[in-house]
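Novice: My structure file upload-v6.cif, mmCIF, C-alpha atoms, is below:
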data_start
#
loop_
_atom_site.label_atom_id
_atom_site.label_comp_id
_atom_site.auth_asym_id
_atom_site.auth_seq_id
_atom_site.Cartn_x
_atom_site.Cartn_y
_atom_site.Cartn_z
CA MET A 160 100.90 81.39 139.01
CA SER A 161 103.41 79.07 137.33
CA ASN A 162 100.98 77.63 134.75
CA ILE A 163 100.47 80.75 132.63
CA LEU A 164 100.17 80.97 128.88
CA GLY A 165 100.58 84.34 127.19
CA LEU A 166 98.35 84.76 124.13
CA ASP A 167 98.75 87.44 121.45
CA ILE A 168 95.73 87.23 119.14
CA GLY A 169 96.28 89.09 115.89
CA GLY A 170 94.36 89.34 112.65
CA ALA A 171 96.69 86.96 110.81
CA ASN A 172 98.55 85.08 113.56
CA ILE A 173 98.00 83.73 117.05
CA LYS A 174 101.14 83.62 119.18
CA ALA A 175 101.56 81.80 122.47
CA CYS A 176 104.37 81.48 124.99
CA ASP A 177 104.61 79.99 128.47
CA LEU A 178 106.93 80.85 131.35
CA ASN A 179 109.41 78.20 130.24
CA GLY A 180 109.86 79.89 126.87
CA GLN A 181 107.98 77.22 124.92
CA SER A 182 106.29 79.09 122.09
CA VAL A 183 103.99 78.54 119.13
CA SER A 184 103.06 80.88 116.28
CA LEU A 185 99.95 79.80 114.40
CA GLY A 186 98.89 81.43 111.15
CA TYR A 187 95.16 82.15 111.46
CA PRO A 188 93.40 84.56 109.05
CA LEU A 189 90.84 85.83 111.52
CA TRP A 190 88.98 87.88 108.92
CA LYS A 191 88.05 84.70 107.04
CA ASN A 192 86.62 82.77 109.99
CA PRO A 193 86.07 84.73 113.22
CA GLU A 194 83.60 82.07 114.36
CA GLY A 195 86.35 79.45 114.33
CA LEU A 196 88.69 81.32 116.65
CA SER A 197 87.73 79.40 119.78
CA ASP A 198 88.45 76.07 118.04
CA ALA A 199 91.83 77.37 116.84
CA LEU A 200 92.65 78.49 120.37
CA LEU A 201 91.62 75.14 121.82
CA ALA A 202 93.93 73.34 119.40
CA LEU A 203 96.80 75.70 120.21
CA ILE A 204 96.35 75.51 123.98
CA SER A 205 96.35 71.70 123.82
CA GLN A 206 100.08 71.95 123.05
CA PHE A 207 100.67 73.39 126.54
CA PRO A 208 99.72 70.84 129.22
CA ASP A 209 98.79 71.93 132.75
CA ILE A 210 98.00 75.54 131.78
CA SER A 211 95.55 77.15 134.21
CA ASN A 212 95.76 80.86 133.34
CA LEU A 213 95.59 82.72 130.02
CA ALA A 214 97.15 86.20 129.81
CA VAL A 215 95.64 87.68 126.67
CA THR A 216 96.42 90.63 124.46
CA MET A 217 95.13 91.35 120.99
CA THR A 218 95.28 93.27 117.72
CA GLY A 219 92.80 91.15 115.78
CA GLU A 220 89.89 93.48 116.51
CA LEU A 221 90.98 95.55 113.47
CA ALA A 222 90.14 92.68 111.08
CA ASP A 223 87.56 93.82 108.56
CA CYS A 224 85.15 91.03 109.47
CA PHE A 225 84.19 93.28 112.38
CA ALA A 226 82.18 96.46 111.79
CA THR A 227 83.85 98.25 114.71
CA LYS A 228 86.72 97.70 117.12
CA ASN A 229 84.15 97.36 119.90
CA GLU A 230 82.62 94.43 118.04
CA GLY A 231 86.04 92.92 117.40
CA VAL A 232 87.11 93.09 121.04
CA ARG A 233 83.83 91.57 122.16
CA SER A 234 84.08 88.74 119.62
CA ILE A 235 87.70 87.86 120.52
CA VAL A 236 87.03 87.99 124.27
CA GLN A 237 83.94 85.82 123.87
CA SER A 238 85.96 83.28 121.84
CA VAL A 239 88.55 83.09 124.61
CA GLU A 240 85.80 82.70 127.20
CA VAL A 241 84.40 79.75 125.24
CA VAL A 242 87.80 78.11 125.68
CA VAL A 243 87.74 78.93 129.40
CA SER A 244 84.26 77.45 129.78
CA ARG A 245 85.49 74.13 128.40
CA HIS A 246 88.24 73.82 131.02
CA ALA A 247 87.27 73.49 134.66
CA VAL A 248 90.47 75.07 135.98
CA LEU A 249 91.18 77.66 133.29
CA SER A 250 90.85 81.44 133.75
CA ALA A 251 91.70 84.39 131.49
CA SER A 252 92.56 88.05 131.93
CA TYR A 253 93.09 90.73 129.28
CA TRP A 254 95.75 93.43 129.08
CA GLN A 255 94.69 97.06 128.70
CA THR A 256 96.76 100.13 127.88
CA SER A 257 95.93 101.40 131.37
CA GLY A 258 98.69 98.98 132.41
CA GLU A 259 96.72 96.15 133.99
CA PHE A 260 95.07 92.81 133.36
CA VAL A 261 91.28 92.84 133.67
CA ASP A 262 88.47 90.30 133.48
CA ALA A 263 86.36 89.63 130.40
CA GLU A 264 83.51 91.92 131.44
CA THR A 265 85.84 94.88 131.94
CA ALA A 266 87.72 94.16 128.72
CA ILE A 267 84.45 94.38 126.78
CA GLU A 268 83.17 97.39 128.74
CA PHE A 269 86.30 99.42 127.88
CA PRO A 270 87.20 98.12 124.40
CA ILE A 271 89.45 101.01 123.36
CA LEU A 272 91.78 100.18 126.22
CA THR A 273 91.75 96.49 125.27
CA ALA A 274 92.15 96.96 121.52
CA ALA A 275 95.66 96.72 120.04
CA ALA A 276 97.29 96.74 123.46
CA ASN A 277 100.08 94.26 122.75
CA TRP A 278 102.67 96.97 121.99
CA HIS A 279 102.05 98.51 125.41
CA LEU A 280 102.38 95.14 127.11
CA GLN A 281 105.67 94.37 125.40
CA ALA A 282 107.07 97.82 126.20
CA THR A 283 106.03 97.42 129.85
CA TRP A 284 108.12 94.27 130.08
CA ALA A 285 111.01 95.61 127.97
CA GLY A 286 111.30 98.65 130.18
CA ARG A 287 112.77 96.46 132.89
CA VAL A 288 116.01 95.98 130.99
CA CYS A 289 116.24 99.58 129.79
CA PRO A 290 118.49 102.14 131.47
CA SER A 291 117.13 105.38 132.91
CA GLY A 292 116.33 108.03 130.34
CA LEU A 293 114.92 107.38 126.86
CA SER A 294 115.04 104.04 125.07
CA LEU A 295 113.18 102.78 122.00
CA LEU A 296 111.73 99.35 121.31
CA ILE A 297 111.44 98.47 117.61
CA ASP A 298 109.38 95.37 116.95
CA MET A 299 108.89 94.36 113.29
CA GLY A 300 106.43 91.57 112.67
CA SER A 301 104.80 90.03 109.65
CA THR A 302 102.46 92.98 109.09
CA THR A 303 103.43 96.02 111.16
CA THR A 304 106.31 97.68 112.96
CA ASP A 305 106.10 99.33 116.37
CA ILE A 306 108.55 102.06 117.43
CA ILE A 307 107.81 102.51 121.12
CA PRO A 308 109.44 105.16 123.32
CA ILE A 309 110.30 103.96 126.84
CA GLN A 310 111.12 106.65 129.38
CA ASP A 311 112.77 105.58 132.64
CA GLY A 312 111.51 102.04 132.14
CA MET A 313 107.88 102.85 131.30
CA PRO A 314 106.03 103.14 127.95
CA ASP A 315 105.94 106.80 126.93
CA SER A 316 104.36 106.90 123.48
CA VAL A 317 102.77 109.98 121.95
CA GLY A 318 99.84 107.94 120.67
CA SER A 319 97.61 105.82 122.89
CA ASN A 320 95.78 103.94 120.09
CA ASP A 321 96.58 102.82 116.57
CA VAL A 322 95.10 105.89 114.88
CA GLU A 323 97.24 108.19 117.02
CA ARG A 324 100.29 105.96 116.72
CA LEU A 325 100.10 105.96 112.93
CA HIS A 326 99.96 109.75 113.08
CA SER A 327 103.01 109.93 115.37
CA SER A 328 104.96 107.34 113.27
CA GLU A 329 105.14 105.05 116.31
CA LEU A 330 103.18 102.52 114.25
CA LEU A 331 104.25 101.69 110.71
CA TYR A 332 102.17 99.39 108.53
CA LEU A 333 105.20 97.56 107.18
CA GLY A 334 106.22 93.97 107.92
CA VAL A 335 108.45 91.24 106.58
CA ARG A 336 105.74 88.89 105.35
CA ARG A 337 102.34 90.32 104.55
CA THR A 338 103.01 93.81 103.14
CA PRO A 339 101.97 93.86 99.46
CA LEU A 340 104.82 95.05 97.26
CA MET A 341 102.43 97.42 95.50
CA ALA A 342 102.46 99.42 98.77
CA LEU A 343 106.15 100.19 98.18
CA GLY A 344 105.58 102.43 95.19
CA HIS A 345 104.24 102.23 91.65
CA VAL A 346 107.50 102.68 89.75
CA ILE A 347 110.73 100.68 89.84
CA HIS A 348 113.86 100.37 87.70
CA LEU A 349 114.11 97.34 85.43
CA ASN A 350 117.23 97.01 83.27
CA GLY A 351 118.15 100.55 84.25
CA GLN A 352 114.88 101.99 83.01
CA SER A 353 111.97 103.34 85.02
CA THR A 354 108.93 101.07 84.72
CA GLY A 355 105.53 100.84 86.32
CA THR A 356 104.55 98.04 88.67
CA ALA A 357 101.29 96.14 88.92
CA ALA A 358 98.76 97.44 91.43
CA GLU A 359 97.80 93.86 92.27
CA LEU A 360 98.42 91.51 95.18
CA PHE A 361 100.92 89.51 93.14
CA ALA A 362 103.72 89.42 95.73
CA THR A 363 104.52 90.46 99.29
CA THR A 364 107.62 91.35 101.26
CA ASP A 365 107.91 87.68 102.23
CA ASP A 366 108.95 86.95 98.64
CA LEU A 367 111.88 89.37 98.83
CA PHE A 368 113.42 87.49 101.73
CA LEU A 369 112.58 84.05 100.34
CA PHE A 370 114.22 84.85 97.01
CA ASP A 371 117.35 86.34 98.57
CA GLY A 372 117.70 83.50 101.09
CA ASP A 373 117.27 85.72 104.16
CA ILE A 374 114.68 83.28 105.51
CA PRO A 375 114.33 79.52 104.96
CA GLU A 376 111.88 78.00 102.52
CA PHE A 377 108.64 76.47 103.82
CA PRO A 378 107.36 74.22 101.03
CA ASP A 379 104.37 73.05 103.09
CA GLN A 380 103.09 76.58 103.67
CA ARG A 381 100.86 78.29 101.10
CA ASP A 382 99.82 81.52 102.83
CA THR A 383 101.22 83.50 99.91
CA ALA A 384 99.83 85.97 97.39
CA ASP A 385 99.07 83.24 94.83
CA GLY A 386 98.51 80.32 97.19
CA GLN A 387 101.62 78.57 95.95
CA PRO A 388 104.36 77.31 98.32
CA ARG A 389 106.74 79.56 100.25
CA THR A 390 109.76 78.57 98.18
CA ARG A 391 112.38 80.54 96.30
CA HIS A 392 111.13 79.21 92.96
CA HIS A 393 107.58 80.38 93.52
CA ALA A 394 108.80 83.66 95.06
CA HIS A 395 110.62 84.32 91.76
CA GLN A 396 107.35 83.78 89.90
CA ARG A 397 105.45 86.11 92.21
CA LEU A 398 108.08 88.85 92.04
CA ALA A 399 108.21 88.70 88.23
CA ARG A 400 104.46 89.29 88.07
CA MET A 401 104.97 92.64 89.78
CA VAL A 402 106.43 93.94 86.51
CA CYS A 403 103.84 91.95 84.52
CA GLY A 404 106.36 89.27 83.59
CA ASP A 405 107.11 85.71 84.62
CA ALA A 406 110.17 83.73 85.63
CA ALA A 407 111.00 83.02 81.98
CA MET A 408 110.93 86.73 81.06
CA ILE A 409 112.54 88.15 84.22
CA ASP A 410 115.74 86.29 85.06
CA GLU A 411 117.29 85.85 88.49
CA SER A 412 119.75 88.71 88.17
CA GLN A 413 116.94 91.10 87.26
CA THR A 414 114.81 89.80 90.10
CA ARG A 415 117.70 90.19 92.54
CA ASP A 416 117.99 93.85 91.56
CA LEU A 417 114.24 94.35 92.00
CA CYS A 418 114.51 92.84 95.48
CA ARG A 419 117.34 95.23 96.33
CA GLN A 420 115.22 98.23 95.35
CA TRP A 421 112.16 97.09 97.30
CA LYS A 422 114.28 96.38 100.37
CA GLN A 423 115.81 99.86 100.12
CA ARG A 424 112.30 101.31 100.14
CA MET A 425 111.42 99.31 103.22
CA SER A 426 114.55 100.57 104.97
CA ALA A 427 113.78 104.14 103.92
CA ARG A 428 110.25 103.99 105.36
CA LEU A 429 111.49 102.49 108.61
CA THR A 430 114.25 105.10 108.83
CA ASP A 431 111.84 107.97 108.19
CA CYS A 432 109.53 106.84 110.98
CA LEU A 433 112.42 106.27 113.37
CA LYS A 434 113.73 109.77 112.74
CA MET A 435 110.26 111.26 113.29
CA VAL A 436 109.93 109.49 116.65
CA ILE A 437 113.40 110.67 117.67
CA SER A 438 112.59 114.23 116.61
CA SER A 439 109.49 114.09 118.82
CA LYS A 440 110.85 112.25 121.86
CA GLY A 441 114.60 112.92 121.79
CA HIS A 442 117.75 110.90 121.22
CA PRO A 443 117.67 107.44 122.88
CA THR A 444 120.64 105.77 124.52
CA LEU A 445 119.32 102.27 123.77
CA ILE A 446 117.30 100.66 120.97
CA MET A 447 115.88 97.20 121.57
CA THR A 448 114.91 95.09 118.56
CA SER A 449 112.51 92.16 118.35
CA GLY A 450 110.00 90.37 116.18
CA GLU A 451 109.95 88.23 113.08
CA GLY A 452 111.65 91.03 111.15
CA GLU A 453 114.33 91.77 113.72
CA PHE A 454 117.03 90.76 111.23
CA PHE A 455 115.84 93.45 108.83
CA VAL A 456 115.63 96.13 111.53
CA SER A 457 119.17 95.31 112.64
CA GLU A 458 120.54 95.66 109.11
CA THR A 459 118.75 98.98 108.65
CA LEU A 460 120.09 100.37 111.93
CA LYS A 461 123.68 99.48 110.97
CA SER A 462 123.49 101.85 108.01
CA LEU A 463 122.34 104.91 109.98
CA ASP A 464 124.68 107.68 111.12
CA ILE A 465 122.42 108.44 114.08
CA MET A 466 123.38 105.08 115.63
CA SER A 467 126.95 106.12 116.49
CA GLU A 468 126.09 106.76 120.16
CA ILE A 469 123.16 104.35 120.55
CA THR A 470 123.46 100.84 121.99
CA VAL A 471 121.43 98.13 120.24
CA LEU A 472 120.05 95.23 122.29
CA SER A 473 118.64 92.28 120.37
CA LEU A 474 115.84 90.38 122.10
CA SER A 475 116.67 87.51 119.77
CA ASN A 476 120.10 87.32 121.39
CA LEU A 477 118.68 87.89 124.86
CA LEU A 478 115.74 85.47 124.73
CA GLY A 479 116.39 83.32 121.66
CA PRO A 480 114.99 83.76 118.12
CA LYS A 481 111.73 81.85 118.66
CA THR A 482 110.85 83.77 121.82
CA SER A 483 111.72 87.10 120.19
CA GLU A 484 109.23 86.37 117.42
CA VAL A 485 106.45 85.96 120.02
CA ALA A 486 107.73 88.73 122.30
CA CYS A 487 104.28 90.09 123.16
CA ALA A 488 103.03 86.67 124.25
CA TYR A 489 106.23 86.17 126.25
CA ALA A 490 105.74 89.55 127.94
CA ALA A 491 102.12 88.65 128.76
CA ALA A 492 103.16 85.47 130.56
CA GLN A 493 106.01 87.15 132.43
CA ILE A 494 104.00 90.11 133.70
CA ALA A 495 100.98 87.96 134.54
CA SER A 496 103.16 85.72 136.71
CA GLU A 497 103.77 88.69 138.99
CA ARG A 498 100.12 89.74 139.26
CA PRO A 499 98.12 86.82 140.68
CA TRP A 500 95.52 89.22 142.06
CA GLN A 501 94.48 90.12 138.48
CA PHE A 502 93.47 86.52 137.70
CA GLY A 503 90.37 84.83 139.00
#
Using the file provided, produce a representation of the structure as structure tokens.
Specialist:
Amino acid sequence: MSNILGLDIGGANIKACDLNGQSVSLGYPLWKNPEGLSDALLALISQFPDISNLAVTMTGELADCFATKNEGVRSIVQSVEVVVSRHAVLSASYWQTSGEFVDAETAIEFPILTAAANWHLQATWAGRVCPSGLSLLIDMGSTTTDIIPIQDGMPDSVGSNDVERLHSSELLYLGVRRTPLMALGHVIHLNGQSTGTAAELFATTDDLFLFDGDIPEFPDQRDTADGQPRTRHHAHQRLARMVCGDAAMIDESQTRDLCRQWKQRMSARLTDCLKMVISSKGHPTLIMTSGEGEFFVSETLKSLDIMSEITVLSLSNLLGPKTSEVACAYAAAQIASERPWQFG
């Protein structure tokens, strides 16, 4: 079982990682082209020679191209099986929140266990480096944030699916790339005065971090609100539109202040959910951080009084930044390597 590739198939990204830590994150808007998923997977898998087993988890079944989650799970599994059928030595198994890998038929037969199971998979792996008692895993990605309780090394969430996890604040629809800024409130302060903001998809949280230099520019990438490059210049334009201006009307100092306010709102939402999970589950001794937005989670935690007696463990430091960003795919490969009986 040395030739395993972990796959985390989301609605906007496909993430892959093998046992050697080689990883790839591919932007793929599933809702635009669900029929093309198998071709995208074939292209991605070609970057990993000698792979014979796929350990799959998913969240993409929530994409609105699917009428139901059942339909979404079936479509994603069938796309993976197309890939398997084109490789004589390739097999695939699918993680379920029951804590096991299953075959394609079982994954489709019990779709609610298969749907959005990547958080459970990551927490199952992360529990191995947690002490006894209560720990929390906070994973912030491009779109969502998971706050997962781990009790004595095992996932111990209140919610078992995304609906329940949203209710328990263990799932927060807030990420560092794709969250529209209009979701962070309809009023902001500009030049010291309260002003309304546009209820339009003019800018996303990605633009905050591009403008402030928290993340590097990617001039060749155009998966942005306006389809223009992921650069600081274009981020300034997008952010200015949120107050119905442009880069000539809203200067850099004003935009910097707007970014500060939106980031504070992100931190406040994350903090509120964290406190709700702690009030429900108790005070943890360890918080693990991971994901594309780990840098933002870490900064938020530093500002909280409740952290005085809590140890923070960064998966970015433990595994490396690239592996931390694909932590669910990494966990899939690691756990699958220990369960050869769950692969055919």
Novice: Please report as JSON lines every residue of range 404-482 of chain A lying within 12 Å of range 308-322 of chain A, along with the nearest atom pair and their distance in Å (one decimal), using all atoms listed in the file.
Specialist:
{"residue": "A:Leu433", "atom": "CA", "partner": "A:Pro308", "partner_atom": "CA", "distance": 10.4}
{"residue": "A:Met435", "atom": "CA", "partner": "A:Val317", "partner_atom": "CA", "distance": 11.5}
{"residue": "A:Val436", "atom": "CA", "partner": "A:Pro308", "partner_atom": "CA", "distance": 8.0}
{"residue": "A:Ile437", "atom": "CA", "partner": "A:Pro308", "partner_atom": "CA", "distance": 8.8}
{"residue": "A:Ser438", "atom": "CA", "partner": "A:Pro308", "partner_atom": "CA", "distance": 11.7}
{"residue": "A:Ser439", "atom": "CA", "partner": "A:Val317", "partner_atom": "CA", "distance": 8.5}
{"residue": "A:Lys440", "atom": "CA", "partner": "A:Pro308", "partner_atom": "CA", "distance": 7.4}
{"residue": "A:Gly441", "atom": "CA", "partner": "A:Pro308", "partner_atom": "CA", "distance": 9.4}
{"residue": "A:His442", "atom": "CA", "partner": "A:Pro308", "partner_atom": "CA", "distance": 10.3}
{"residue": "A:Pro443", "atom": "CA", "partner": "A:Pro308", "partner_atom": "CA", "distance": 8.6}
{"residue": "A:Thr444", "atom": "CA", "partner": "A:Gln310", "partner_atom": "CA", "distance": 10.7}
{"residue": "A:Leu445", "atom": "CA", "partner": "A:Ile309", "partner_atom": "CA", "distance": 9.7}
{"residue": "A:Ile446", "atom": "CA", "partner": "A:Pro308", "partner_atom": "CA", "distance": 9.4}
{"residue": "A:Met447", "atom": "CA", "partner": "A:Ile309", "partner_atom": "CA", "distance": 10.2}
Novice: Give me the residues within 10 Å of Glu259 in chain A as a ChimeraX atom specification, counting all atoms listed in the file and dropping any in the same chain fewer than 2 places off.
Specialist: /A:252-257,261,280,494-495,498,501
Novice: Around the point (98.1, 81.4, 132.5) in the file's coordinates, collect all residues with an atom within 12 Å, using only C-alpha atoms, and return them as a PDB file with C-alpha atoms, in the coordinates of the input.
Specialist:
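The file below, out36.pdb, is the result:
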ATOM      1  CA  MET A 160     100.900  81.390 139.010  1.00  0.00           C
ATOM      2  CA  SER A 161     103.410  79.070 137.330  1.00  0.00           C
ATOM      3  CA  ASN A 162     100.980  77.630 134.750  1.00  0.00           C
ATOM      4  CA  ILE A 163     100.470  80.750 132.630  1.00  0.00           C
ATOM      5  CA  LEU A 164     100.170  80.970 128.880  1.00  0.00           C
ATOM      6  CA  GLY A 165     100.580  84.340 127.190  1.00  0.00           C
ATOM      7  CA  LEU A 166      98.350  84.760 124.130  1.00  0.00           C
ATOM      8  CA  ALA A 175     101.560  81.800 122.470  1.00  0.00           C
ATOM      9  CA  CYS A 176     104.370  81.480 124.990  1.00  0.00           C
ATOM     10  CA  ASP A 177     104.610  79.990 128.470  1.00  0.00           C
ATOM     11  CA  LEU A 178     106.930  80.850 131.350  1.00  0.00           C
ATOM     12  CA  ASN A 179     109.410  78.200 130.240  1.00  0.00           C
ATOM     13  CA  ILE A 204      96.350  75.510 123.980  1.00  0.00           C
ATOM     14  CA  PHE A 207     100.670  73.390 126.540  1.00  0.00           C
ATOM     15  CA  PRO A 208      99.720  70.840 129.220  1.00  0.00           C
ATOM     16  CA  ASP A 209      98.790  71.930 132.750  1.00  0.00           C
ATOM     17  CA  ILE A 210      98.000  75.540 131.780  1.00  0.00           C
ATOM     18  CA  SER A 211      95.550  77.150 134.210  1.00  0.00           C
ATOM     19  CA  ASN A 212      95.760  80.860 133.340  1.00  0.00           C
ATOM     20  CA  LEU A 213      95.590  82.720 130.020  1.00  0.00           C
ATOM     21  CA  ALA A 214      97.150  86.200 129.810  1.00  0.00           C
ATOM     22  CA  VAL A 215      95.640  87.680 126.670  1.00  0.00           C
ATOM     23  CA  VAL A 243      87.740  78.930 129.400  1.00  0.00           C
ATOM     24  CA  VAL A 248      90.470  75.070 135.980  1.00  0.00           C
ATOM     25  CA  LEU A 249      91.180  77.660 133.290  1.00  0.00           C
ATOM     26  CA  SER A 250      90.850  81.440 133.750  1.00  0.00           C
ATOM     27  CA  ALA A 251      91.700  84.390 131.490  1.00  0.00           C
ATOM     28  CA  SER A 252      92.560  88.050 131.930  1.00  0.00           C
ATOM     29  CA  TYR A 253      93.090  90.730 129.280  1.00  0.00           C
ATOM     30  CA  PHE A 260      95.070  92.810 133.360  1.00  0.00           C
ATOM     31  CA  ALA A 488     103.030  86.670 124.250  1.00  0.00           C
ATOM     32  CA  TYR A 489     106.230  86.170 126.250  1.00  0.00           C
ATOM     33  CA  ALA A 491     102.120  88.650 128.760  1.00  0.00           C
ATOM     34  CA  ALA A 492     103.160  85.470 130.560  1.00  0.00           C
ATOM     35  CA  GLN A 493     106.010  87.150 132.430  1.00  0.00           C
ATOM     36  CA  ILE A 494     104.000  90.110 133.700  1.00  0.00           C
ATOM     37  CA  ALA A 495     100.980  87.960 134.540  1.00  0.00           C
ATOM     38  CA  SER A 496     103.160  85.720 136.710  1.00  0.00           C
ATOM     39  CA  GLU A 497     103.770  88.690 138.990  1.00  0.00           C
ATOM     40  CA  ARG A 498     100.120  89.740 139.260  1.00  0.00           C
ATOM     41  CA  PRO A 499      98.120  86.820 140.680  1.00  0.00           C
ATOM     42  CA  GLN A 501      94.480  90.120 138.480  1.00  0.00           C
ATOM     43  CA  PHE A 502      93.470  86.520 137.700  1.00  0.00           C
ATOM     44  CA  GLY A 503      90.370  84.830 139.000  1.00  0.00           C
TER      45      GLY A 503
END
Novice: Go through A:His348, A:Thr383, A:Phe269, A:Ser467 one by one, measure the shortest atom-to-atom distance of each to Thr414 in chain A using only C-alpha atoms, and give the residue with the smallest value.
Specialist: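 Looking at the shortest contact to Thr414 in chain A, the residue is A:His348.
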Novice: Care to translate the PyMOL selection byres ((chain A and resi 363) around 7) into actual residues of this file, as a list in words?
Specialist: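 Taken on the displayed file, the PyMOL selection byres ((chain A and resi 363) around 7) yields the residues Arg336, Arg337, Thr338, Pro339, Leu340, Ala362, Thr364, Asp365, Asp366 and Ala384 of chain A.
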